[in-house]
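One structure is given here, and the rest of the page talks about it.
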Amino acid sequence: MELKSLGEALGKLAGRERLIKLVCLLGVCGIALLFLSSWLEGREEPSQPQQETEWDGETSRRQLEEDLARVVRAITGEEDPEVLVTLEDTGENVYAADQAWNAQEGGAQNSREEESTYILLKDRDGGQSALPVTQRQPEVRGVVIVSSRAGDPTVREQLTQAAVTALDISSARVLVTGGG
C-alpha cells in the first residue's frame, strides 16, 4: 500500500514539476517576446518626419492668384483670366519664447533688460526646432487683373471691389484692364 501512495505522491510531484516547468517556460517566452518587440521597434525604418508647412511668399502669392482668378472667372465667365499679385514681404513666423527680466543697476539709473530665448522642441533624431505660435501672412502690394470683359465699367467695378474685399487692400492698389 505504501508503494501505491508513494507512486501517487511521485505522480503528483511530477505533475507539479511539469506545471512549474510550463509556467517558467511561458514566462521566459513572454520576456523574450517583449525583448524581441522592443528590439524590432528600434530597428524599424524611421517614419518620414512630418512636413512642416512653411508659409513662404511664393506659395502665398500663387495661392492668392489662384483664389482671385477663381473669383474673376465667377464674375466674368472667362475660362482663363490673368491675375498677378505682388507682395510687400514674405510673411513672418512667430515662435514661442521664454522671457525673463533682469534688473541692472547702472550708477544712479536703473535699467531693465529683457532676455528672450525660444522654446525648443526635440525630435526623435535629436534635432531641435523652435515652437511655432503663429504665422503672419505676407502683405499684398498690388493686384493686376487682365480680363476681356474689363471694357464694361460695371464688370471693371465688380472686379475691383472683389479684389479689394478678398485681399483687404485699397482700390488704389488694384488695376483692372482689358486684354487682347
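In the C-alpha cells, chains take the letters A, B, ... in the order shown, each chain's residues start at 1, and ligands count up from 1 in the order shown.
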
Neighbours of Pro132 in chain A within 9 Å (only C-alpha atoms; same-chain residues fewer than 6 positions away dropped), as a short mmCIF file (atom, residue, chain, number, x, y, z; two decimals) with N, CA, C and O atoms, in the first residue's frame?
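The result, written out as result.cif:
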```
data_model
loop_
_atom_site.label_atom_id
_atom_site.label_comp_id
_atom_site.auth_asym_id
_atom_site.auth_seq_id
_atom_site.Cartn_x
_atom_site.Cartn_y
_atom_site.Cartn_z
N ASN A 93 7.22 84.04 -39.45
CA ASN A 93 6.87 83.01 -38.48
C ASN A 93 7.11 83.58 -37.09
O ASN A 93 8.16 84.17 -36.84
N VAL A 94 6.16 83.40 -36.19
CA VAL A 94 6.30 83.86 -34.82
C VAL A 94 6.44 82.63 -33.94
O VAL A 94 5.63 81.71 -34.02
N TYR A 95 7.49 82.61 -33.11
CA TYR A 95 7.80 81.45 -32.28
C TYR A 95 7.60 81.76 -30.81
O TYR A 95 7.75 82.90 -30.37
N ALA A 96 7.29 80.74 -30.04
CA ALA A 96 7.11 80.89 -28.60
C ALA A 96 8.46 81.18 -27.96
O ALA A 96 9.48 80.59 -28.33
N ILE A 119 11.53 78.65 -27.16
CA ILE A 119 11.21 77.33 -26.63
C ILE A 119 11.47 76.33 -27.74
O ILE A 119 10.94 76.46 -28.85
#
```

What does the distance from CA of Arg156 in chain A to CA of Ile169 in chain A come to in Å, to one decimal?
16.4 Å

Using Å and a single decimal, report how far CA of Val144 in chain A sits from CA of Ser171 in chain A.
11.2 Å

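For the pair CA of Leu159 in chain A and CA of Glu79 in chain A, the separation is 15.2 Å.
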
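Each of A:Gln128, A:Gln161, A:Gln137, A:Thr177 was compared to Val71 in chain A using only C-alpha atoms, and A:Gln161 turns out to be the nearest.
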
So, with only C-alpha atoms as the atoms that count, which of A:Ile145, A:Ala166, A:Ala97, A:Leu25 lies closest to Leu131 in chain A?
A:Ala97

10 Å contact set for Ala172 in chain A, only C-alpha atoms, chain neighbours under 3 positions out, as a list in words:
Gly142, Val143, Thr160, Val164, Ile169 and Leu175 of chain A

Could those selected residues go to a file with N, CA and C atoms, as a PDB file, in the first residue's frame?
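Contents of the output file selection-v8.pdb:
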```pdb
ATOM      1  N   GLY A 142       0.109  94.918 -54.484  1.00  0.00           N
ATOM      2  CA  GLY A 142      -0.809  95.320 -55.537  1.00  0.00           C
ATOM      3  C   GLY A 142      -1.325  94.132 -56.327  1.00  0.00           C
ATOM      4  N   VAL A 143      -2.375  94.402 -57.147  1.00  0.00           N
ATOM      5  CA  VAL A 143      -3.015  93.361 -57.944  1.00  0.00           C
ATOM      6  C   VAL A 143      -3.296  93.903 -59.341  1.00  0.00           C
ATOM      7  N   THR A 160     -12.806  95.121 -59.342  1.00  0.00           N
ATOM      8  CA  THR A 160     -12.037  95.926 -58.395  1.00  0.00           C
ATOM      9  C   THR A 160     -12.526  95.688 -56.974  1.00  0.00           C
ATOM     10  N   VAL A 164     -10.494  94.134 -53.761  1.00  0.00           N
ATOM     11  CA  VAL A 164     -10.384  94.939 -52.541  1.00  0.00           C
ATOM     12  C   VAL A 164     -10.910  94.160 -51.345  1.00  0.00           C
ATOM     13  N   ILE A 169      -7.276  95.272 -49.292  1.00  0.00           N
ATOM     14  CA  ILE A 169      -6.375  96.332 -49.726  1.00  0.00           C
ATOM     15  C   ILE A 169      -7.216  97.477 -50.269  1.00  0.00           C
ATOM     16  N   LEU A 175      -5.500  97.205 -60.226  1.00  0.00           N
ATOM     17  CA  LEU A 175      -5.641  97.637 -61.612  1.00  0.00           C
ATOM     18  C   LEU A 175      -6.401  96.558 -62.367  1.00  0.00           C
TER      19      LEU A 175
END
```
